[in-house]
>>> print(open('model_30.txt').read())   # compact mmCIF, C-alpha atoms and all ligand atoms
# COMPACT_ATOMS: atom_id res chain seq x y z
CA MET M 1442 77.52 109.95 97.97
CA LYS M 1443 79.95 112.82 98.52
CA ILE M 1444 83.64 112.07 99.01
CA THR M 1445 86.77 114.17 99.39
CA LEU M 1446 89.62 113.09 97.13
CA ILE M 1447 93.03 114.40 98.21
CA ARG M 1448 96.21 114.18 96.13
CA PRO M 1449 99.62 115.72 96.87
CA ALA M 1450 101.07 117.08 93.61
CA LEU M 1451 104.19 118.64 92.20
CA ASN M 1452 103.69 122.32 91.48
CA LYS M 1453 101.79 123.16 88.27
CA THR M 1454 100.72 119.55 87.56
CA ILE M 1455 97.65 117.40 88.19
CA PRO M 1456 98.29 113.69 88.88
CA LEU M 1457 96.82 111.77 85.94
CA ALA M 1458 95.06 109.15 88.09
CA SER M 1459 92.82 111.92 89.50
CA PHE M 1460 91.03 112.32 86.14
CA TYR M 1461 90.26 108.61 85.84
CA LEU M 1462 89.19 108.27 89.48
CA ILE M 1463 86.81 111.23 89.21
CA SER M 1464 85.41 109.88 85.94
CA GLU M 1465 84.60 106.50 87.55
CA LEU M 1466 83.09 108.20 90.62
CA GLU M 1467 80.91 110.33 88.35
CA LYS M 1468 79.74 107.24 86.44
CA GLN M 1469 78.41 105.83 89.73
CA ASN M 1470 76.80 109.19 90.61
CA HIS M 1471 79.14 110.15 93.44
CA GLU M 1472 79.98 113.77 94.09
CA VAL M 1473 83.67 114.61 94.42
CA ASP M 1474 85.35 117.37 96.39
CA PHE M 1475 88.79 117.19 94.75
CA ARG M 1476 91.76 118.80 96.51
CA LEU M 1477 95.33 119.08 95.33
CA VAL M 1478 97.95 119.70 98.01
CA TYR M 1479 100.86 121.29 96.18
CA LYS M 1480 104.51 120.79 97.05
CA LYS M 1481 104.99 124.55 97.43
CA ASP M 1482 102.62 124.29 100.42
CA TYR M 1483 103.77 121.04 102.11
CA LEU M 1484 107.48 121.57 101.40
CA PRO M 1485 108.06 125.31 101.00
CA LYS M 1486 111.85 124.88 100.97
CA ASN M 1487 113.83 121.83 99.77
CA GLY M 1488 115.70 120.08 102.56
CA HIS M 1489 113.36 121.37 105.23
CA SER M 1490 110.67 119.67 107.23
CA VAL M 1491 107.54 118.50 105.40
CA LYS M 1492 104.55 120.34 106.86
CA THR M 1493 102.23 117.49 107.86
CA SER M 1494 99.86 120.15 109.20
CA VAL M 1495 99.01 121.03 105.58
CA PHE M 1496 97.65 117.50 105.08
CA GLU M 1497 95.83 117.62 108.44
CA SER M 1498 94.09 120.86 107.40
CA ALA M 1499 92.92 119.22 104.17
CA PHE M 1500 91.55 116.23 106.15
CA LYS M 1501 89.80 118.44 108.74
CA THR M 1502 87.38 120.05 106.31
CA SER M 1503 86.67 116.87 104.37
CA ASP M 1504 83.47 114.87 103.87
CA LYS M 1505 82.78 111.72 105.87
CA ILE M 1506 84.74 109.63 103.34
CA ILE M 1507 88.29 110.74 102.48
CA ALA M 1508 90.29 109.02 99.74
CA ILE M 1509 93.98 109.93 99.68
CA GLY M 1510 96.49 108.90 97.04
CA CYS M 1511 100.26 109.24 97.34
CA MET M 1512 103.66 107.87 96.34
CA ASN M 1513 106.23 106.19 98.62
CA ASP M 1514 108.01 109.40 99.58
CA LEU M 1515 104.95 111.00 101.18
CA LEU M 1516 103.52 107.84 102.74
CA PRO M 1517 105.15 108.41 106.19
CA TYR M 1518 103.86 111.98 106.35
CA ILE M 1519 100.33 111.07 105.26
CA LEU M 1520 100.11 108.19 107.76
CA PHE M 1521 101.52 110.37 110.55
CA ALA M 1522 99.00 113.14 109.83
CA LEU M 1523 96.16 110.59 109.62
CA ARG M 1524 97.03 109.09 113.02
CA LYS M 1525 96.60 112.49 114.69
CA PHE M 1526 93.53 113.36 112.64
CA LYS M 1527 91.61 110.11 113.18
CA LYS M 1528 92.03 110.32 116.97
CA ARG M 1529 89.95 113.50 116.89
CA ASN M 1530 87.65 112.36 114.07
CA PRO M 1531 86.96 108.66 114.63
CA ASP M 1532 83.83 108.66 112.43
CA LYS M 1533 85.61 109.60 109.23
CA ILE M 1534 86.22 106.77 106.76
CA VAL M 1535 89.76 106.81 105.38
CA ILE M 1536 90.72 105.13 102.09
CA LEU M 1537 94.34 105.08 100.89
CA GLY M 1538 95.53 104.35 97.36
CA GLY M 1539 98.30 105.04 94.87
CA ASN M 1540 101.79 103.59 94.41
CA GLY M 1541 102.96 104.25 97.98
CA PRO M 1542 100.16 102.60 100.00
CA SER M 1543 99.43 99.81 97.50
CA GLU M 1544 102.86 98.22 97.89
CA TYR M 1545 102.39 98.00 101.68
CA ALA M 1546 98.62 97.52 101.76
CA LYS M 1547 98.65 94.51 104.07
CA GLU M 1548 101.17 96.04 106.52
CA ILE M 1549 99.23 99.33 106.63
CA MET M 1550 95.97 97.52 107.41
CA ASP M 1551 97.72 95.41 110.08
CA ARG M 1552 99.30 98.36 111.84
CA PHE M 1553 97.26 101.51 111.18
CA LYS M 1554 93.74 101.24 112.54
CA GLU M 1555 93.12 104.80 111.35
CA VAL M 1556 93.11 103.51 107.77
CA ASP M 1557 89.85 101.75 106.89
CA PHE M 1558 90.66 100.59 103.35
CA VAL M 1559 93.67 100.39 101.05
CA VAL M 1560 93.01 100.19 97.32
CA LYS M 1561 95.70 97.79 96.12
CA GLU M 1562 95.18 97.78 92.36
CA LYS M 1563 95.44 100.45 89.65
CA ASP M 1564 91.92 100.08 88.23
CA PRO M 1565 90.20 103.46 88.96
CA SER M 1566 86.73 101.86 89.08
CA ILE M 1567 87.70 100.06 92.33
CA LEU M 1568 87.37 103.25 94.42
CA ALA M 1569 83.94 104.01 92.91
CA ASN M 1570 82.76 100.41 93.53
CA LEU M 1571 83.90 100.68 97.14
CA ILE M 1572 82.07 103.98 97.73
CA THR M 1573 78.89 102.54 96.18
CA SER M 1574 79.08 99.51 98.50
CA ILE M 1575 79.60 101.76 101.55
CA GLU M 1576 76.64 103.92 100.49
CA ARG M 1577 74.37 100.92 100.03
CA GLY M 1578 75.57 99.31 103.25
CA GLU M 1579 76.47 96.18 101.33
CA GLY M 1580 78.96 93.63 102.59
CA LEU M 1581 82.43 94.33 101.32
CA SER M 1582 83.30 90.76 100.41
CA ARG M 1583 82.31 91.34 96.76
CA ILE M 1584 84.62 94.32 96.33
CA LYS M 1585 87.75 93.29 94.50
CA GLY M 1586 91.14 94.98 94.61
CA VAL M 1587 90.71 96.49 98.12
CA PHE M 1588 92.15 95.53 101.52
CA PHE M 1589 89.48 95.79 104.24
CA ARG M 1590 88.76 94.46 107.75
CA ASP M 1591 86.05 91.91 108.35
CA ASN M 1592 85.64 91.05 112.04
CA LYS M 1593 89.21 92.15 112.61
CA GLU M 1594 90.45 89.80 109.85
CA ILE M 1595 92.13 91.56 106.94
CA GLU M 1596 90.59 90.50 103.65
CA TYR M 1597 91.58 91.02 100.03
CA VAL M 1598 90.24 89.64 96.76
CA HIS M 1599 92.38 90.11 93.69
CA SER M 1600 90.65 91.89 90.80
CA ASN M 1601 93.09 92.00 87.88
CA ARG M 1602 90.53 93.58 85.54
CA ASP M 1603 91.91 94.83 82.23
CA TYR M 1604 91.09 98.41 83.26
CA ILE M 1605 93.25 100.29 80.75
CA LYS M 1606 90.73 99.85 77.91
CA ASP M 1607 88.02 101.73 79.82
CA LEU M 1608 89.99 104.79 80.99
CA SER M 1609 88.06 107.98 80.40
CA PHE M 1610 88.04 111.60 81.50
CA PRO M 1611 85.25 113.12 83.65
CA LYS M 1612 82.26 114.60 81.84
CA ARG M 1613 80.90 116.91 84.53
CA TYR M 1614 83.76 117.82 86.87
CA LYS M 1615 85.42 121.09 85.86
CA PHE M 1616 89.21 121.11 86.24
CA ASN M 1617 91.18 124.29 86.29
CA LEU M 1618 94.06 123.67 83.90
CA ASN M 1619 95.37 127.25 83.98
CA GLY M 1620 99.06 127.26 84.83
CA ILE M 1621 99.47 123.50 84.24
CA VAL M 1622 102.81 123.21 82.44
CA GLU M 1623 103.02 119.46 81.93
CA PHE M 1624 100.22 117.02 81.21
CA LEU M 1625 100.77 113.28 81.57
CA LEU M 1626 99.23 110.73 79.20
CA LEU M 1627 98.88 106.96 79.54
CA SER M 1628 98.37 104.74 76.50
CA ALA M 1629 99.49 101.36 77.82
CA ASP M 1630 100.19 99.54 81.04
CA GLY M 1631 102.84 97.02 82.05
CA CYS M 1632 106.48 96.31 81.26
CA PRO M 1633 107.91 93.04 79.93
CA TYR M 1634 111.38 93.70 81.44
CA LYS M 1635 112.65 92.51 84.81
CA CYS M 1636 115.18 95.11 85.98
CA THR M 1637 116.19 93.86 89.42
CA PHE M 1638 115.95 97.24 91.23
CA CYS M 1639 112.39 97.92 90.05
CA ASN M 1640 108.99 97.07 91.52
CA ASN M 1641 107.99 95.44 88.24
CA ASP M 1642 105.44 93.20 90.00
CA ALA M 1643 103.37 96.28 90.79
CA ILE M 1644 103.80 97.64 87.26
CA GLY M 1645 102.64 94.32 85.79
CA LYS M 1646 104.57 92.21 83.28
CA LYS M 1647 101.76 91.89 80.75
CA LEU M 1648 101.43 94.77 78.29
CA ALA M 1649 97.85 96.04 78.03
CA TYR M 1650 96.90 98.66 75.48
CA ARG M 1651 94.36 101.42 75.34
CA GLU M 1652 92.64 102.45 72.11
CA LEU M 1653 94.81 105.20 70.64
CA ASP M 1654 91.66 107.14 69.70
CA SER M 1655 90.88 107.47 73.39
CA VAL M 1656 94.34 109.02 74.01
CA ILE M 1657 93.77 111.40 71.10
CA LEU M 1658 90.41 112.44 72.59
CA GLU M 1659 92.15 113.17 75.89
CA ILE M 1660 94.73 115.40 74.18
CA LYS M 1661 91.92 117.31 72.44
CA TRP M 1662 90.09 117.68 75.76
CA VAL M 1663 93.19 119.21 77.36
CA LEU M 1664 93.76 121.55 74.40
CA ASN M 1665 90.14 122.70 74.51
CA ASN M 1666 90.38 123.39 78.23
CA SER M 1667 93.78 125.14 78.41
CA LYS M 1668 94.66 128.69 77.52
CA LYS M 1669 98.25 127.66 76.78
CA PRO M 1670 98.98 124.09 75.60
CA PRO M 1671 101.10 122.22 78.17
CA LEU M 1672 103.94 119.83 77.33
CA PHE M 1673 102.37 116.37 77.04
CA PHE M 1674 104.36 113.42 78.39
CA LEU M 1675 103.51 109.76 77.75
CA ILE M 1676 104.29 107.91 80.95
CA ASP M 1677 103.97 104.40 79.47
CA GLU M 1678 106.95 102.40 80.74
CA SER M 1679 107.04 100.53 77.43
CA PHE M 1680 105.89 103.09 74.87
CA VAL M 1681 108.67 102.38 72.36
CA VAL M 1682 108.52 98.58 72.77
CA ASN M 1683 105.72 98.25 70.18
CA LYS M 1684 107.07 100.00 67.10
CA LYS M 1685 103.92 99.60 64.97
CA ARG M 1686 101.84 101.24 67.68
CA VAL M 1687 104.30 104.13 68.05
CA TYR M 1688 103.97 104.82 64.31
CA LYS M 1689 100.17 104.56 64.52
CA PHE M 1690 100.12 107.10 67.37
CA CYS M 1691 102.27 109.53 65.35
CA GLU M 1692 99.98 109.06 62.32
CA LYS M 1693 96.91 109.76 64.44
CA LEU M 1694 98.40 113.01 65.72
CA LYS M 1695 98.90 114.13 62.12
CA GLU M 1696 95.48 112.90 60.90
CA ASN M 1697 93.83 114.87 63.72
CA LYS M 1698 95.99 117.93 62.99
CA ILE M 1699 97.22 117.91 66.56
CA ASN M 1700 100.26 120.10 66.70
CA ILE M 1701 101.65 119.69 70.20
CA SER M 1702 105.01 119.36 71.90
CA TRP M 1703 105.32 116.07 73.70
CA GLY M 1704 107.76 113.63 75.25
CA CYS M 1705 107.97 109.96 76.20
CA TYR M 1706 110.11 107.33 77.89
CA GLY M 1707 112.55 105.60 75.55
CA ARG M 1708 114.51 102.36 75.79
CA VAL M 1709 117.78 102.26 73.90
CA ASN M 1710 117.31 98.67 72.68
CA HIS M 1711 114.01 99.63 71.00
CA MET M 1712 114.88 103.06 69.59
CA ASP M 1713 116.40 103.38 66.12
CA GLU M 1714 116.98 106.28 63.76
CA ASN M 1715 113.74 105.70 61.80
CA MET M 1716 111.66 105.71 64.97
CA ALA M 1717 113.44 108.83 66.26
CA ARG M 1718 112.74 110.64 62.99
CA ILE M 1719 109.04 109.69 62.95
CA LEU M 1720 108.62 110.68 66.61
CA ALA M 1721 110.32 114.04 66.03
CA GLU M 1722 108.18 114.75 62.95
CA ALA M 1723 105.08 114.14 65.10
CA GLY M 1724 106.13 116.77 67.66
CA CYS M 1725 108.12 114.67 70.14
CA ILE M 1726 110.76 117.01 71.56
CA CYS M 1727 111.92 115.10 74.61
CA VAL M 1728 112.86 111.48 75.33
CA PHE M 1729 113.83 110.18 78.76
CA TYR M 1730 116.03 107.06 78.93
CA GLY M 1731 116.73 105.00 82.05
CA ILE M 1732 120.35 103.99 81.47
CA GLU M 1733 121.06 103.16 85.14
CA SER M 1734 124.82 102.53 84.92
CA GLY M 1735 127.96 103.18 82.86
CA SER M 1736 129.30 99.72 83.71
CA ASP M 1737 128.46 96.66 81.59
CA LYS M 1738 128.95 94.46 84.65
CA VAL M 1739 126.23 96.36 86.56
CA LEU M 1740 123.90 96.52 83.52
CA LYS M 1741 124.14 92.73 83.26
CA GLU M 1742 123.54 92.27 86.98
CA ILE M 1743 120.41 94.44 86.95
CA CYS M 1744 119.12 92.66 83.79
CA LYS M 1745 118.78 95.93 81.89
CA GLY M 1746 118.89 94.25 78.48
CA PHE M 1747 121.46 96.49 76.75
CA ASP M 1748 125.10 97.48 77.08
CA VAL M 1749 127.01 100.74 77.44
CA ASN M 1750 128.03 100.92 73.76
CA LEU M 1751 124.46 100.67 72.52
CA ALA M 1752 123.31 103.22 75.12
CA LYS M 1753 125.92 105.79 73.99
CA LYS M 1754 125.16 105.21 70.30
CA VAL M 1755 121.40 105.62 70.70
CA LEU M 1756 121.65 108.63 73.04
CA ILE M 1757 123.92 110.49 70.62
CA MET M 1758 121.64 109.59 67.70
CA SER M 1759 118.58 110.75 69.70
CA LYS M 1760 120.14 114.15 70.28
CA LYS M 1761 120.04 114.73 66.51
CA TYR M 1762 116.22 114.52 66.61
CA PHE M 1763 115.00 115.65 70.03
CA ARG M 1764 115.50 119.02 71.69
CA LYS M 1765 115.92 117.33 75.07
CA VAL M 1766 117.37 113.90 75.72
CA PHE M 1767 117.63 112.69 79.30
CA ALA M 1768 119.86 109.86 80.52
CA SER M 1769 119.14 108.78 84.07
CA PHE M 1770 121.68 106.84 86.16
CA ILE M 1771 121.53 105.13 89.53
CA TYR M 1772 124.42 104.47 91.92
CA GLY M 1773 124.69 102.72 95.28
CA TYR M 1774 123.90 99.19 94.04
CA PRO M 1775 125.26 96.76 96.65
CA PHE M 1776 127.29 94.92 93.96
CA GLU M 1777 128.64 98.10 92.30
CA SER M 1778 132.41 98.48 92.77
CA LEU M 1779 134.16 101.83 92.90
CA GLU M 1780 135.42 101.17 89.39
CA ASP M 1781 131.83 100.55 88.16
CA PHE M 1782 130.72 103.80 89.77
CA LYS M 1783 133.58 105.74 88.14
CA SER M 1784 132.51 104.28 84.77
CA THR M 1785 129.04 105.75 85.41
CA LEU M 1786 130.55 109.14 86.24
CA SER M 1787 132.72 109.14 83.13
CA MET M 1788 129.77 108.12 80.90
CA LYS M 1789 127.71 110.87 82.49
CA ALA M 1790 130.46 113.46 81.77
CA PHE M 1791 130.79 112.18 78.19
CA LEU M 1792 127.04 112.52 77.57
CA GLU M 1793 126.97 116.01 79.06
CA SER M 1794 129.73 117.01 76.65
CA LYS M 1795 127.26 116.02 73.88
CA ASN M 1796 124.51 118.24 75.39
CA ILE M 1797 122.57 115.31 76.74
CA ASN M 1798 120.93 116.00 80.11
CA THR M 1799 121.93 113.53 82.81
CA LEU M 1800 120.56 112.65 86.22
CA LEU M 1801 122.26 110.63 88.96
CA HIS M 1802 120.10 109.10 91.71
CA PHE M 1803 121.07 107.19 94.81
CA LEU M 1804 119.45 103.73 94.76
CA THR M 1805 116.27 103.64 96.86
CA PRO M 1806 115.44 100.17 98.18
CA VAL M 1807 112.14 98.89 96.79
CA LYS M 1808 110.66 96.06 98.81
CA SER M 1809 109.24 94.08 95.90
CA SER M 1810 112.48 94.27 93.87
CA LYS M 1811 114.87 91.34 93.42
CA ILE M 1812 117.79 93.34 94.84
CA TYR M 1813 115.82 93.94 98.06
CA GLY M 1814 115.27 90.20 98.47
CA ASP M 1815 118.90 89.38 97.72
CA TYR M 1816 120.54 92.10 99.84
CA SER M 1817 118.08 92.88 102.64
CA LYS M 1818 120.73 91.88 105.21
CA ASP M 1819 122.84 94.87 104.08
CA LEU M 1820 120.10 97.46 104.59
CA LYS M 1821 120.92 100.30 106.98
CA PHE M 1822 118.94 103.26 108.24
CA SER M 1823 119.97 106.89 107.90
CA GLU M 1824 118.40 110.02 109.31
CA LYS M 1825 120.17 112.14 106.70
CA LYS M 1826 117.59 111.28 104.17
CA ASP M 1827 118.74 113.94 101.70
CA ILE M 1828 120.77 111.21 99.99
CA PHE M 1829 117.52 109.57 98.93
CA THR M 1830 115.03 112.36 98.37
CA PHE M 1831 114.73 116.05 98.94
CA TYR M 1832 113.23 115.51 102.41
CA ASN M 1833 115.45 115.48 105.44
CA LEU M 1834 114.47 113.38 108.44
CA SER M 1835 117.13 114.95 110.66
CA SER M 1836 115.17 118.21 110.78
CA GLU M 1837 111.83 116.50 111.58
CA PRO M 1838 110.28 116.57 115.09
CA ASP M 1839 111.17 113.74 117.49
CA ASP M 1840 107.69 112.17 117.48
CA PHE M 1841 107.85 111.88 113.69
CA LYS M 1842 111.32 110.31 113.86
CA ARG M 1843 110.06 107.73 116.38
CA PHE M 1844 107.08 107.00 114.12
CA VAL M 1845 109.37 106.38 111.12
CA LYS M 1846 111.82 104.21 113.07
CA ALA M 1847 108.96 102.01 114.30
CA ASN M 1848 107.83 101.38 110.71
CA LEU M 1849 111.04 101.24 108.69
CA ASP M 1850 109.92 98.13 106.79
CA ILE M 1851 107.21 100.16 105.04
CA PHE M 1852 109.26 103.36 104.67
CA PRO M 1853 112.34 102.09 102.79
CA ILE M 1854 113.15 105.58 101.52
CA TYR M 1855 115.14 105.96 104.77
CA LEU M 1856 117.19 102.82 104.09
CA TYR M 1857 120.28 102.21 101.96
CA TYR M 1858 122.42 99.22 101.02
CA ASP M 1859 125.69 99.28 102.89
CA HIS M 1860 128.65 97.92 100.90
CA PRO M 1861 132.46 98.31 100.84
CA ALA M 1862 132.66 101.01 98.13
CA LEU M 1863 129.82 103.16 99.50
CA LYS M 1864 131.91 105.52 101.64
CA GLU M 1865 134.13 106.51 98.76
CA LYS M 1866 131.17 106.90 96.37
CA LEU M 1867 129.51 109.28 98.81
CA ARG M 1868 132.77 111.21 99.27
CA ILE M 1869 132.96 111.68 95.50
CA THR M 1870 129.35 112.88 95.23
CA GLY M 1871 129.76 115.05 98.36
CA ILE M 1872 126.90 113.34 100.18
CA LYS M 1873 127.13 112.40 103.84
CA ILE M 1874 125.27 109.65 105.65
S1 LIG Q 1901 112.98 99.86 85.24
FE1 LIG Q 1901 111.60 100.31 83.54
S2 LIG Q 1901 112.20 98.81 81.96
FE2 LIG Q 1901 113.00 98.03 83.90
S3 LIG Q 1901 111.40 96.69 84.72
FE3 LIG Q 1901 111.07 98.71 85.63
S4 LIG Q 1901 109.60 99.69 84.27
FE4 LIG Q 1901 110.47 97.95 83.14
>>> encode(input="model_30.txt", output="structure tokens")
Amino acid sequence: MKITLIRPALNKTIPLASFYLISELEKQNHEVDFRLVYKKDYLPKNGHSVKTSVFESAFKTSDKIIAIGCMNDLLPYILFALRKFKKRNPDKIVILGGNGPSEYAKEIMDRFKEVDFVVKEKDPSILANLITSIERGEGLSRIKGVFFRDNKEIEYVHSNRDYIKDLSFPKRYKFNLNGIVEFLLLSADGCPYKCTFCNNDAIGKKLAYRELDSVILEIKWVLNNSKKPPLFFLIDESFVVNKKRVYKFCEKLKENKINISWGCYGRVNHMDENMARILAEAGCICVFYGIESGSDKVLKEICKGFDVNLAKKVLIMSKKYFRKVFASFIYGYPFESLEDFKSTLSMKAFLESKNINTLLHFLTPVKSSKIYGDYSKDLKFSEKKDIFTFYNLSSEPDDFKRFVKANLDIFPIYLYYDHPALKEKLRITGIKI
């Protein structure tokens, strides 16, 4: 069966899940019309209105079945565009998936009749199984991992298959990798930590590993299909947690004479000088650390599992080995005092003085996080969404604003935690609500 697969993407990248989805669709003999909608087209200028018409145009010329994947930030725009589109095209079958829709799968099915299915789980074979069932006209009750309607009842059967072992790239579909500057890799799934701001339920607490040879094959595939090697980035949340496996991966790169530049996520309580040296010798040039705060009180509250002293020590050590070291911070926690926030700013300034790149994000409420449960009474709405993302609701049309306000529980990117120190924090960062 032919399906149209649509993914919004940052410029010059291809979302990794697309490769695995297309591979599984190919295995079940489905034909894929794959379309990337790049940010340069849907958001030509930062801070300006997202062009939902760009998504509508992609839907218009699609096959009967459209599968769309997106993150939380684009979910309102995709749903808004779909509502208009499905009114004019009631026969099209719409499937949503990806991080954004999966967290709110039940609510989307309850409220948005224009969506026929929501794939809840990360296993890429679920979409292919669903398409095969639709093609054969089989009942959907055997399909696991998907929300669907059965006589107006919303049904869902948990799958929980250990999918990571079977991930593979497509054999027939030809991707155009020209101009792709960064290529993501996935070698493991899950995270054993419980940071209270994170949607760790969706990530999965159990660590599941892929054969490293399969990751190596993927790197070779990319190198064989690119004119200029991209920067590879391992997006495993817990890459450095298993030291033995990190060393094995570095050995395999050498054994296979793979000479690439790559990066990964680090965690300061798992990184030491020996690991940094081995990573650097294997071509790792960039490590990204989520530090989250410069205050020990906040780090304890969010259950980060390390303190400020260790973070500073490991970041400075890392800079000796990696060309780029990133330290990412969050502010706007409901329990963060002004003093805590100033500690974050001073740690940030200190790290910058050591040539470490820093990022400071305003806390986005995540529905499945512990903080959301504990502080939901303090949540407030703001139209000046530029404090959360690069989109700005205040410049959107009125019908879109009404749509968002009617569904704020599934669009938390427009919400923030109100608390006594917030006003002063925003004054310091120059951001207005
Ligand atoms: S923030 Fe990172 S380390 Fe913490 S629970 Fe989430 S994925 Fe794990």
>>> closest_residue(input="model_30.txt", among="M:Val1681, M:Leu1740, M:Phe1729, M:Leu1672", to="Asp1713 of chain M", atoms="all atoms listed in the file")
M:Val1681
>>> residues_around(input="model_30.txt", residues="Leu1515 of chain M", least_positions_apart="2", cutoff="12 Å", atoms="all atoms listed in the file", output="ChimeraX atom specification")
/M:1448-1451,1478,1480,1483-1484,1491-1493,1496,1509-1513,1517-1522,1539-1542,1830-1832,1845,1851-1855
>>> write_last_selection(input="model_30.txt", atoms="C-alpha atoms", output="mmCIF file, in the coordinates of the input")
data_model
loop_
_atom_site.group_PDB
_atom_site.id
_atom_site.type_symbol
_atom_site.label_atom_id
_atom_site.label_comp_id
_atom_site.auth_asym_id
_atom_site.auth_seq_id
_atom_site.Cartn_x
_atom_site.Cartn_y
_atom_site.Cartn_z
ATOM 1 C CA ARG M 1448 96.210 114.180 96.130
ATOM 2 C CA PRO M 1449 99.620 115.720 96.870
ATOM 3 C CA ALA M 1450 101.070 117.080 93.610
ATOM 4 C CA LEU M 1451 104.190 118.640 92.200
ATOM 5 C CA VAL M 1478 97.950 119.700 98.010
ATOM 6 C CA LYS M 1480 104.510 120.790 97.050
ATOM 7 C CA TYR M 1483 103.770 121.040 102.110
ATOM 8 C CA LEU M 1484 107.480 121.570 101.400
ATOM 9 C CA VAL M 1491 107.540 118.500 105.400
ATOM 10 C CA LYS M 1492 104.550 120.340 106.860
ATOM 11 C CA THR M 1493 102.230 117.490 107.860
ATOM 12 C CA PHE M 1496 97.650 117.500 105.080
ATOM 13 C CA ILE M 1509 93.980 109.930 99.680
ATOM 14 C CA GLY M 1510 96.490 108.900 97.040
ATOM 15 C CA CYS M 1511 100.260 109.240 97.340
ATOM 16 C CA MET M 1512 103.660 107.870 96.340
ATOM 17 C CA ASN M 1513 106.230 106.190 98.620
ATOM 18 C CA PRO M 1517 105.150 108.410 106.190
ATOM 19 C CA TYR M 1518 103.860 111.980 106.350
ATOM 20 C CA ILE M 1519 100.330 111.070 105.260
ATOM 21 C CA LEU M 1520 100.110 108.190 107.760
ATOM 22 C CA PHE M 1521 101.520 110.370 110.550
ATOM 23 C CA ALA M 1522 99.000 113.140 109.830
ATOM 24 C CA GLY M 1539 98.300 105.040 94.870
ATOM 25 C CA ASN M 1540 101.790 103.590 94.410
ATOM 26 C CA GLY M 1541 102.960 104.250 97.980
ATOM 27 C CA PRO M 1542 100.160 102.600 100.000
ATOM 28 C CA THR M 1830 115.030 112.360 98.370
ATOM 29 C CA PHE M 1831 114.730 116.050 98.940
ATOM 30 C CA TYR M 1832 113.230 115.510 102.410
ATOM 31 C CA VAL M 1845 109.370 106.380 111.120
ATOM 32 C CA ILE M 1851 107.210 100.160 105.040
ATOM 33 C CA PHE M 1852 109.260 103.360 104.670
ATOM 34 C CA PRO M 1853 112.340 102.090 102.790
ATOM 35 C CA ILE M 1854 113.150 105.580 101.520
ATOM 36 C CA TYR M 1855 115.140 105.960 104.770
#
>>> residues_near_ligand(input="model_30.txt", ligand="ligand LIG 1901 (chain Q)", cutoff="12 Å", atoms="all atoms listed in the file", output="PyMOL selection string")
chain M and resi 1630-1648+1676-1682+1706-1711+1729-1733+1740+1743-1747+1769-1771+1807+1809-1811
>>> atom_distance(input="model_30.txt", atom1="atom CA of Phe1673 of chain M", atom2="atom CA of Met1758 of chain M")
22.5 Å
>>> closest_residue(input="model_30.txt", among="M:Lys1864, M:Lys1615, M:Arg1602, M:Lys1563", to="Leu1462 of chain M", atoms="only C-alpha atoms")
M:Lys1563
>>> closest_residue(input="model_30.txt", among="M:Gly1704, M:Gly1724, M:Pro1611, M:Gly1586", to="Glu1659 of chain M", atoms="only C-alpha atoms")
M:Pro1611
>>> atom_distance(input="model_30.txt", atom1="atom CA of Phe1558 of chain M", atom2="atom CA of Asp1840 of chain M")
25.0 Å
>>> residues_around(input="model_30.txt", residues="segment 1467-1470 of chain M", least_positions_apart="5", cutoff="10 Å", atoms="all atoms listed in the file", output="ChimeraX atom specification")
/M:1442-1443,1461-1462,1566,1569-1570,1572-1573,1610-1614
>>> atom_distance(input="model_30.txt", atom1="atom CA of Asp1819 of chain M", atom2="atom CA of Gly1773 of chain M")
11.9 Å
>>> residues_near_point(input="model_30.txt", point="(116.6, 114.8, 76.8)", cutoff="12 Å", atoms="only C-alpha atoms", output="PyMOL selection string")
chain M and resi 1703-1707+1725-1731+1756-1769+1792-1793+1795-1800
>>> write_last_selection(input="model_30.txt", atoms="C-alpha atoms", output="CSV table (one decimal), keeping the file's coordinate frame")
chain,number,residue,atom,x,y,z
M,1703,TRP,CA,105.3,116.1,73.7
M,1704,GLY,CA,107.8,113.6,75.2
M,1705,CYS,CA,108.0,110.0,76.2
M,1706,TYR,CA,110.1,107.3,77.9
M,1707,GLY,CA,112.6,105.6,75.6
M,1725,CYS,CA,108.1,114.7,70.1
M,1726,ILE,CA,110.8,117.0,71.6
M,1727,CYS,CA,111.9,115.1,74.6
M,1728,VAL,CA,112.9,111.5,75.3
M,1729,PHE,CA,113.8,110.2,78.8
M,1730,TYR,CA,116.0,107.1,78.9
M,1731,GLY,CA,116.7,105.0,82.0
M,1756,LEU,CA,121.6,108.6,73.0
M,1757,ILE,CA,123.9,110.5,70.6
M,1758,MET,CA,121.6,109.6,67.7
M,1759,SER,CA,118.6,110.8,69.7
M,1760,LYS,CA,120.1,114.2,70.3
M,1761,LYS,CA,120.0,114.7,66.5
M,1762,TYR,CA,116.2,114.5,66.6
M,1763,PHE,CA,115.0,115.6,70.0
M,1764,ARG,CA,115.5,119.0,71.7
M,1765,LYS,CA,115.9,117.3,75.1
M,1766,VAL,CA,117.4,113.9,75.7
M,1767,PHE,CA,117.6,112.7,79.3
M,1768,ALA,CA,119.9,109.9,80.5
M,1769,SER,CA,119.1,108.8,84.1
M,1792,LEU,CA,127.0,112.5,77.6
M,1793,GLU,CA,127.0,116.0,79.1
M,1795,LYS,CA,127.3,116.0,73.9
M,1796,ASN,CA,124.5,118.2,75.4
M,1797,ILE,CA,122.6,115.3,76.7
M,1798,ASN,CA,120.9,116.0,80.1
M,1799,THR,CA,121.9,113.5,82.8
M,1800,LEU,CA,120.6,112.6,86.2
>>> residues_around(input="model_30.txt", residues="Ile1660 of chain M", least_positions_apart="2", cutoff="10 Å", atoms="only C-alpha atoms", output="VMD selection string")
chain M and resid 1624 to 1626 1654 to 1658 1662 to 1666 1670 1673 1694 1699 1701
